[in-house]
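Containing CSV, C-alpha atoms: target-v5.csv.
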```
chain,number,residue,atom,x,y,z
A,1,MET,CA,-22.2,13.3,-10.4
A,2,PRO,CA,-20.0,12.1,-13.3
A,3,SER,CA,-20.8,8.6,-14.4
A,4,SER,CA,-17.4,7.2,-13.7
A,5,PHE,CA,-17.7,7.9,-9.9
A,6,LEU,CA,-19.8,4.8,-9.5
A,7,PRO,CA,-17.6,2.4,-11.4
A,8,GLY,CA,-14.7,3.6,-9.2
A,9,LEU,CA,-16.8,3.1,-6.1
A,10,LYS,CA,-17.8,-0.4,-7.2
A,11,GLU,CA,-14.2,-1.4,-8.0
A,12,ALA,CA,-13.2,-0.4,-4.5
A,13,LEU,CA,-15.7,-2.8,-2.9
A,14,GLY,CA,-14.2,-5.9,-4.4
A,15,ALA,CA,-10.8,-7.4,-3.5
A,16,PRO,CA,-9.4,-4.0,-2.5
A,17,GLY,CA,-12.2,-3.5,0.0
A,18,VAL,CA,-11.7,-7.0,1.5
A,19,ALA,CA,-8.0,-6.5,1.8
A,20,MET,CA,-8.3,-3.1,3.3
A,21,ALA,CA,-11.0,-4.1,5.8
A,22,ALA,CA,-8.9,-7.0,7.0
A,23,THR,CA,-5.8,-4.9,7.5
A,24,PHE,CA,-7.6,-2.0,9.1
A,25,LEU,CA,-9.5,-4.3,11.5
A,26,ALA,CA,-6.1,-5.6,12.8
A,27,PHE,CA,-4.9,-1.9,13.0
A,28,GLY,CA,-7.9,-0.9,15.1
A,29,ALA,CA,-7.4,-3.7,17.5
A,30,ALA,CA,-3.7,-2.8,17.9
A,31,VAL,CA,-4.6,0.9,18.5
A,32,ARG,CA,-6.8,-0.2,21.4
A,33,GLU,CA,-4.2,-2.5,22.8
A,34,ALA,CA,-1.6,0.4,22.7
A,35,GLY,CA,-4.0,2.4,25.0
A,36,LEU,CA,-5.0,5.0,22.3
A,37,SER,CA,-8.5,6.2,21.5
A,38,ALA,CA,-11.0,5.3,18.8
A,39,GLY,CA,-10.7,8.9,17.5
A,40,TRP,CA,-7.0,8.5,17.2
A,41,ALA,CA,-7.5,5.3,15.2
A,42,LEU,CA,-9.8,7.0,12.8
A,43,LEU,CA,-7.6,10.1,12.3
A,44,ALA,CA,-4.6,7.9,11.8
A,45,CYS,CA,-6.4,6.0,9.0
A,46,TRP,CA,-7.6,9.1,7.2
A,47,GLY,CA,-4.7,11.4,8.0
A,48,ILE,CA,-1.8,9.0,7.2
A,49,TYR,CA,-3.6,6.4,5.1
A,50,GLY,CA,-0.6,4.2,4.7
A,51,MET,CA,-0.5,1.1,6.8
A,52,PRO,CA,3.2,0.6,7.4
A,53,GLY,CA,3.5,4.1,8.8
A,54,GLN,CA,0.4,3.7,10.9
A,55,LEU,CA,1.8,0.5,12.4
A,56,VAL,CA,5.1,2.2,13.2
A,57,LEU,CA,3.2,4.8,15.3
A,58,VAL,CA,1.1,2.2,17.1
A,59,GLN,CA,4.1,0.0,17.9
A,60,ALA,CA,5.9,3.1,19.3
A,61,ALA,CA,2.9,4.1,21.4
A,62,ALA,CA,2.8,0.5,22.8
A,63,ALA,CA,6.5,0.8,23.6
A,64,GLY,CA,5.9,4.2,25.4
A,65,TRP,CA,7.6,6.4,22.8
A,66,ALA,CA,11.1,5.1,23.7
A,67,GLY,CA,13.5,7.0,21.5
A,68,GLY,CA,11.4,10.1,21.2
A,69,VAL,CA,8.5,11.3,19.0
A,70,GLY,CA,10.9,12.8,16.4
A,71,ALA,CA,12.6,9.5,15.6
A,72,VAL,CA,9.3,7.7,15.5
A,73,VAL,CA,7.8,10.2,13.1
A,74,ILE,CA,10.9,10.0,10.8
A,75,GLY,CA,10.6,6.2,10.8
A,76,ALA,CA,6.8,6.3,10.0
A,77,VAL,CA,7.3,8.8,7.2
A,78,ALA,CA,10.3,6.8,5.7
A,79,VAL,CA,8.2,3.6,5.4
A,80,ASN,CA,5.5,5.6,3.7
A,81,ALA,CA,7.9,7.6,1.4
A,82,ARG,CA,6.6,5.6,-1.6
A,83,PHE,CA,3.7,8.2,-1.6
A,84,LEU,CA,6.1,10.6,-3.4
A,85,PRO,CA,7.0,8.4,-6.4
A,86,MET,CA,3.4,7.1,-6.5
A,87,ALA,CA,2.0,10.6,-6.8
A,88,VAL,CA,4.6,11.4,-9.5
A,89,SER,CA,3.6,8.4,-11.5
A,90,LEU,CA,-0.2,8.8,-11.0
A,91,ALA,CA,-0.4,12.6,-11.7
A,92,PRO,CA,0.0,12.3,-15.5
A,93,VAL,CA,-2.5,9.5,-15.7
A,94,LEU,CA,-5.1,11.6,-13.8
A,95,ALA,CA,-4.2,14.9,-15.4
A,96,HIS,CA,-7.0,16.7,-17.3
A,97,GLY,CA,-6.9,20.5,-17.3
A,98,PRO,CA,-5.1,22.7,-14.7
A,99,ARG,CA,-3.0,20.9,-12.1
A,100,GLY,CA,-5.1,22.3,-9.2
A,101,ARG,CA,-7.9,20.1,-10.3
A,102,LEU,CA,-6.0,17.1,-8.9
A,103,LEU,CA,-6.0,18.5,-5.3
A,104,PRO,CA,-9.1,16.5,-4.2
A,105,ALA,CA,-7.3,13.3,-5.2
A,106,VAL,CA,-4.2,14.0,-3.2
A,107,PRO,CA,-5.3,12.5,0.2
A,108,PHE,CA,-6.2,9.2,-1.5
A,109,ILE,CA,-2.8,8.6,-3.1
A,110,ALA,CA,-1.8,5.3,-1.4
A,111,VAL,CA,-0.9,1.8,-2.5
A,112,THR,CA,-4.4,0.4,-3.1
A,113,PRO,CA,-6.0,3.3,-5.0
A,114,TRP,CA,-2.7,3.9,-6.9
A,115,ALA,CA,-2.5,0.3,-8.0
A,116,ALA,CA,-6.2,0.1,-9.0
A,117,ALA,CA,-5.9,3.4,-10.9
A,118,MET,CA,-2.8,2.4,-12.8
A,119,ARG,CA,-4.6,-0.8,-13.9
A,120,ALA,CA,-8.0,0.6,-14.7
A,121,LEU,CA,-7.5,4.2,-15.8
A,122,PRO,CA,-5.7,3.8,-19.1
A,123,GLY,CA,-8.9,2.2,-20.3
A,124,VAL,CA,-11.1,5.1,-19.0
A,125,GLU,CA,-11.7,8.4,-20.9
A,126,ARG,CA,-9.4,11.1,-19.6
A,127,ALA,CA,-12.2,13.4,-18.5
A,128,ASP,CA,-13.7,10.5,-16.4
A,129,ARG,CA,-10.4,9.5,-14.7
A,130,LEU,CA,-10.5,11.9,-11.7
A,131,PRO,CA,-14.1,11.1,-10.8
A,132,TRP,CA,-13.3,7.4,-11.0
A,133,PHE,CA,-10.3,7.9,-8.7
A,134,LEU,CA,-12.4,9.9,-6.2
A,135,GLY,CA,-15.1,7.3,-6.2
A,136,PHE,CA,-12.5,4.6,-5.5
A,137,GLY,CA,-10.5,6.7,-3.0
A,138,LEU,CA,-13.5,7.9,-1.0
A,139,THR,CA,-15.0,4.3,-0.8
A,140,SER,CA,-11.6,2.9,0.3
A,141,TRP,CA,-11.3,5.6,3.0
A,142,ILE,CA,-14.8,4.8,4.4
A,143,VAL,CA,-14.1,1.1,4.4
A,144,ALA,CA,-10.7,1.7,6.1
A,145,GLY,CA,-12.1,4.0,8.8
A,146,GLY,CA,-15.1,1.7,9.4
A,147,ALA,CA,-12.9,-1.4,9.7
A,148,ALA,CA,-10.5,0.4,12.0
A,149,LEU,CA,-13.3,1.4,14.4
A,150,ALA,CA,-14.8,-2.1,14.2
A,151,GLY,CA,-11.3,-3.5,15.0
A,152,PHE,CA,-11.0,-1.1,17.9
A,153,PHE,CA,-14.3,-2.1,19.5
A,154,LEU,CA,-13.9,-5.8,18.8
A,155,ALA,CA,-10.3,-6.0,20.0
A,156,GLY,CA,-11.2,-8.3,22.9
A,157,ALA,CA,-12.8,-10.8,20.5
A,158,LEU,CA,-9.8,-10.9,18.2
A,159,GLY,CA,-7.2,-13.2,19.5
A,160,GLN,CA,-3.5,-13.0,18.7
A,161,GLU,CA,-3.8,-15.6,16.0
A,162,ALA,CA,-6.8,-13.9,14.3
A,163,ARG,CA,-4.9,-10.6,14.3
A,164,ALA,CA,-1.8,-12.1,12.8
A,165,ALA,CA,-3.9,-13.7,10.0
A,166,LEU,CA,-5.5,-10.3,9.3
A,167,LEU,CA,-2.1,-8.7,9.1
A,168,PHE,CA,-1.0,-11.3,6.6
A,169,VAL,CA,-3.7,-10.1,4.2
A,170,ASN,CA,-1.9,-6.8,3.6
A,171,PRO,CA,1.4,-8.1,2.1
A,172,LEU,CA,-0.5,-10.9,0.3
A,173,TYR,CA,-2.8,-8.4,-1.4
A,174,TYR,CA,0.2,-6.2,-2.4
A,175,ALA,CA,1.9,-9.3,-3.7
A,176,LEU,CA,-1.2,-10.1,-5.9
A,177,LEU,CA,-1.2,-6.5,-7.2
A,178,LEU,CA,2.4,-6.9,-8.3
A,179,ALA,CA,1.8,-10.4,-9.7
A,180,ALA,CA,-1.0,-9.2,-11.8
A,181,ASP,CA,1.5,-6.9,-13.5
A,182,LEU,CA,4.2,-9.4,-14.1
A,183,ASP,CA,3.4,-10.0,-17.8
A,184,ARG,CA,4.6,-6.5,-18.6
A,185,PRO,CA,8.4,-6.1,-18.8
A,186,ALA,CA,8.8,-2.7,-17.0
A,187,PRO,CA,6.8,-3.7,-13.8
A,188,ARG,CA,8.4,-7.2,-13.9
A,189,ARG,CA,11.9,-5.7,-13.8
A,190,ALA,CA,10.9,-3.3,-11.0
A,191,VAL,CA,9.4,-6.1,-8.9
A,192,LEU,CA,12.4,-8.4,-9.3
A,193,CYS,CA,14.9,-5.6,-8.6
A,194,GLY,CA,12.8,-4.4,-5.6
A,195,ALA,CA,12.6,-7.8,-4.1
A,196,ALA,CA,16.3,-8.3,-4.5
A,197,ALA,CA,17.1,-4.9,-3.0
A,198,ALA,CA,15.1,-5.9,0.0
A,199,SER,CA,18.2,-7.6,1.1
A,200,LEU,CA,19.5,-4.1,2.1
A,201,ALA,CA,17.4,-4.7,5.2
A,202,LEU,CA,20.2,-7.0,6.4
A,203,ILE,CA,22.7,-4.2,6.6
A,204,LEU,CA,20.6,-1.0,7.0
A,205,PRO,CA,18.5,0.1,10.0
A,206,ALA,CA,14.8,-0.9,9.5
A,207,SER,CA,13.6,2.7,9.4
A,208,ILE,CA,15.4,3.5,6.1
A,209,ALA,CA,15.9,0.0,4.6
A,210,LEU,CA,12.6,0.1,2.7
A,211,LEU,CA,13.2,3.5,1.3
A,212,ALA,CA,16.7,2.6,0.2
A,213,ALA,CA,15.5,-0.7,-1.3
A,214,GLY,CA,12.9,1.1,-3.3
A,215,ILE,CA,15.3,3.7,-4.7
A,216,VAL,CA,18.1,1.2,-5.4
A,217,GLY,CA,15.8,-1.4,-6.9
A,218,GLY,CA,13.6,1.0,-8.8
A,219,THR,CA,16.6,2.9,-10.3
A,220,ALA,CA,18.3,-0.4,-11.3
A,221,ALA,CA,15.1,-1.5,-13.0
A,222,PHE,CA,14.7,1.8,-14.8
A,223,LEU,CA,18.3,1.7,-16.0
A,224,LEU,CA,18.0,-1.9,-17.2
A,225,GLY,CA,14.9,-0.9,-19.1
A,226,ARG,CA,16.7,2.0,-20.8
A,227,ARG,CA,19.6,-0.2,-21.8
A,228,ARG,CA,17.2,-2.8,-23.3
A,229,ALA,CA,15.3,0.0,-25.2
A,230,ALA,CA,18.6,1.4,-26.5
A,231,GLY,CA,20.1,-2.0,-27.4
B,1,MET,CA,-0.1,17.8,23.3
B,2,PRO,CA,0.2,14.1,24.2
B,3,PRO,CA,3.0,12.3,22.2
B,4,ALA,CA,0.6,10.1,20.3
B,5,ASP,CA,-1.4,13.1,19.0
B,6,LEU,CA,1.8,15.0,18.2
B,7,ALA,CA,3.3,12.1,16.3
B,8,LEU,CA,0.0,11.5,14.4
B,9,LEU,CA,-0.2,15.2,13.4
B,10,LEU,CA,3.4,15.4,12.2
B,11,THR,CA,3.2,12.1,10.3
B,12,ALA,CA,0.0,13.0,8.6
B,13,LEU,CA,1.4,16.4,7.6
B,14,ALA,CA,4.6,14.9,6.2
B,15,CYS,CA,2.6,12.2,4.3
B,16,LEU,CA,0.3,14.9,2.8
B,17,GLY,CA,3.5,16.9,1.9
B,18,LEU,CA,4.9,13.8,0.1
B,19,ARG,CA,1.8,13.4,-2.0
B,20,LEU,CA,1.5,17.1,-2.8
B,21,ALA,CA,5.2,17.2,-3.7
B,22,GLY,CA,4.7,14.2,-6.1
B,23,VAL,CA,1.8,15.8,-7.9
B,24,TRP,CA,3.7,19.1,-8.1
B,25,LEU,CA,7.0,17.5,-9.3
B,26,ALA,CA,5.1,15.5,-12.0
B,27,GLY,CA,4.0,18.9,-13.3
B,28,GLY,CA,3.0,18.8,-16.9
B,29,LEU,CA,5.1,15.7,-17.7
B,30,SER,CA,3.5,13.0,-19.9
B,31,VAL,CA,3.1,9.4,-18.9
B,32,ASP,CA,6.1,8.5,-21.2
B,33,HIS,CA,8.6,10.9,-19.7
B,34,PRO,CA,11.7,9.1,-18.3
B,35,ALA,CA,11.2,10.8,-14.9
B,36,ILE,CA,7.7,9.4,-14.7
B,37,ALA,CA,9.0,5.9,-15.7
B,38,TRP,CA,11.7,6.1,-13.0
B,39,ALA,CA,9.2,7.2,-10.3
B,40,THR,CA,6.8,4.3,-11.3
B,41,ALA,CA,9.7,1.9,-11.1
B,42,VAL,CA,10.7,3.2,-7.7
B,43,ALA,CA,7.1,2.9,-6.4
B,44,GLN,CA,6.8,-0.7,-7.7
B,45,ALA,CA,10.2,-1.7,-6.4
B,46,THR,CA,9.4,-0.2,-2.9
B,47,LEU,CA,6.2,-2.2,-2.9
B,48,ALA,CA,8.0,-5.4,-3.9
B,49,ALA,CA,10.6,-4.8,-1.2
B,50,PHE,CA,7.8,-4.2,1.4
B,51,VAL,CA,6.2,-7.5,0.4
B,52,THR,CA,9.5,-9.4,0.6
B,53,LEU,CA,10.3,-8.0,4.0
B,54,ALA,CA,6.8,-8.5,5.3
B,55,ILE,CA,6.9,-12.2,4.3
B,56,LEU,CA,10.5,-13.0,5.2
B,57,LEU,CA,11.2,-10.7,8.2
B,58,PRO,CA,7.8,-9.4,9.4
B,59,PRO,CA,7.6,-7.0,12.3
B,60,GLY,CA,5.0,-7.3,15.1
B,61,ALA,CA,2.2,-9.9,15.3
B,62,LEU,CA,2.8,-11.3,11.8
B,63,ALA,CA,6.1,-12.8,13.0
B,64,GLU,CA,4.1,-15.3,15.0
B,65,VAL,CA,2.8,-16.9,11.8
B,66,PRO,CA,5.5,-19.6,10.9
B,67,LEU,CA,7.6,-18.6,7.9
B,68,PHE,CA,6.5,-21.7,5.9
B,69,ALA,CA,2.9,-20.8,6.4
B,70,ARG,CA,3.6,-17.2,5.2
B,71,LEU,CA,5.4,-18.6,2.1
B,72,ALA,CA,2.6,-21.1,1.4
B,73,GLY,CA,0.0,-18.4,1.5
B,74,LEU,CA,2.0,-16.2,-0.8
B,75,GLY,CA,2.8,-19.0,-3.2
B,76,VAL,CA,-0.8,-20.2,-3.5
B,77,GLY,CA,-2.2,-16.7,-3.8
B,78,VAL,CA,0.2,-15.7,-6.6
B,79,THR,CA,-0.2,-19.0,-8.4
B,80,ILE,CA,-4.0,-18.7,-8.4
B,81,CYS,CA,-3.7,-15.0,-9.5
B,82,LEU,CA,-1.5,-15.9,-12.5
B,83,ALA,CA,-3.5,-19.0,-13.4
B,84,PHE,CA,-7.0,-17.4,-13.2
B,85,ARG,CA,-6.6,-14.3,-15.3
B,86,ARG,CA,-5.6,-12.1,-12.4
B,87,ARG,CA,-8.8,-12.3,-10.4
B,88,LEU,CA,-7.7,-10.7,-7.1
B,89,LEU,CA,-10.5,-11.7,-4.7
B,90,PRO,CA,-10.4,-15.5,-5.2
B,91,SER,CA,-6.6,-15.3,-5.2
B,92,LEU,CA,-6.6,-13.4,-1.9
B,93,LEU,CA,-9.0,-15.8,-0.2
B,94,ALA,CA,-7.1,-18.9,-1.5
B,95,GLY,CA,-3.8,-17.4,-0.3
B,96,LEU,CA,-5.2,-16.6,3.1
B,97,ALA,CA,-6.8,-20.1,3.4
B,98,ALA,CA,-3.5,-21.8,2.5
B,99,MET,CA,-1.7,-19.8,5.1
B,100,LEU,CA,-4.3,-20.7,7.8
B,101,VAL,CA,-4.2,-24.4,6.8
B,102,VAL,CA,-0.4,-24.7,6.9
B,103,ARG,CA,-0.3,-22.8,10.1
B,104,ALA,CA,-2.8,-25.1,11.7
B,105,LEU,CA,-1.0,-28.2,10.4
B,106,LEU,CA,2.4,-26.9,11.7
B,107,GLN,CA,1.0,-26.0,15.1
B,108,GLY,CA,-1.0,-29.2,15.3
B,109,GLY,CA,2.0,-31.4,14.5
```
Please, can you express the file's structure as structure tokens?
Amino acid sequence: MPSSFLPGLKEALGAPGVAMAATFLAFGAAVREAGLSAGWALLACWGIYGMPGQLVLVQAAAAGWAGGVGAVVIGAVAVNARFLPMAVSLAPVLAHGPRGRLLPAVPFIAVTPWAAAMRALPGVERADRLPWFLGFGLTSWIVAGGAALAGFFLAGALGQEARAALLFVNPLYYALLLAADLDRPAPRRAVLCGAAAASLALILPASIALLAAGIVGGTAAFLLGRRRAAG
Amino acid sequence: MPPADLALLLTALACLGLRLAGVWLAGGLSVDHPAIAWATAVAQATLAAFVTLAILLPPGALAEVPLFARLAGLGVGVTICLAFRRRLLPSLLAGLAAMLVVRALLQGG
């Protein structure tokens, strides 16, 4: 076992593990309330591994799939569409040797492992980066799955207020990940442009607003950065 | 297949496809390539937009937390994070505590 697997594992058990456990507890409870099974909760965590998309499915199940499965799936995939740019930005950081070597890392590409990797990996030897990411990703997966099952079986004990508090941890944690990057100009531009572009939600349907805000805000930030570099 | 299982299967496959496509598109590009810089900006902007919407216009159970409590939790968490050398766990716990306290005060008053 390469030595960097354990540092990745340990990193995942700090703030990322707490944030993930809180959010997935709330998810497990919501799955039970929607009348779905514990197995479904676990497979949703590991198969989708992106909380906004998971919540779209659970909310649709609770509403009896009004509007049809196809529309719900499109909505769930659209809110998780950030996986694509995240994978693009992460691949060169992880790359070491043939591209196929990255395949084991693919299922773990999600906000928490991505943000942790972008922070930590530039300081890690290239050969050790993939094992670090797998240590982090596998640990996060296990924490997420365990928390979802715990939430499922504890649903009765989790009142509405407790569940709302747990759901708050998810955006708060993401906000902290972004705040930790604010001293670097490129992420700062992307965060400010993305937050401003969130106003597109006022005119676009919820299912595509996030995707559109990300593309518009990210592209604006990228172009501003190019102009600054040229000027 | 029940609709819940079908929806889960299709969503999981599509999400896997997005991740694979990203790794494939990145190809042999270096970290400094403009396409990589653009993708990173889009990923960060999407996350910022997600946080903005989740705090200001949250769906589901989170909407039952008053807006002012959500903003207080976010403000305290981010302030602690910036003030204490980006230590995420204390910032997370402080933000959550601030949200709970403000929610309790608003609901008690």
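Taking only C-alpha atoms into account, Ala60 (chain A) lies nearest to A:Gly35 out of the set A:Gly47, A:Gly14, A:Gly231, A:Gly35.
The protein and nucleic acid residues lying at most 12 Å from Ala206 (chain A) are Pro52, Val56, Val72, Ile74, Gly75, Ala76, Ala78, Val79, Ala198, Ser199, Leu200, Ala201, Leu202, Ile203, Ala209, Leu210, Leu211, Ala212 and Ala213 of chain A; Phe50, Leu53, Ala54, Leu57, Pro58 and Pro59 of chain B, with only C-alpha atoms considered and sequence neighbours fewer than 3 positions away removed.
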Next on the checklist: as an MDAnalysis selection string, could you give me every residue of chain A near chain B (at most 6 Å apart, counting all atoms listed in the file)?
Outcome noted: chainID A and resid 15 47:48 69 73 82:89 91:92 164 171:172 176 180 190:191 194:195 198 214:215 217:218 222
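What separates CA of Ile109 (chain A) from CA of Gly123 (chain A) is a distance of 19.3 Å.
Between CA of Ile208 (chain A) and CA of Leu177 (chain A) there is a distance of 23.5 Å.
Between CA of Gly108 (chain B) and CA of Leu25 (chain A) the interatomic distance comes to 26.6 Å.
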Checklist entry - Leu106 (chain B): which residues within 9 Å, counting all atoms listed in the file, same-chain residues fewer than 5 positions away excluded, as a list of chain:residue names? => result B:Pro66, B:Phe68, B:Ala69, B:Val101
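Near His96 (chain A), within 9 Å and counting only C-alpha atoms, sit Leu102, Arg126, Ala127, Arg129 and Leu130 of chain A; same-chain residues fewer than 6 positions away were not included.
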Next on the checklist: Excluding Glu11 (chain A) and its own-chain neighbours fewer than 2 positions away, which residues fall within 12 Å of it when counting only C-alpha atoms? Please give them as an MDAnalysis selection string.
Outcome noted: (chainID A and resid 4:9 13:18 112:113 115:117 119:121 132:140) or (chainID B and resid 88:89)
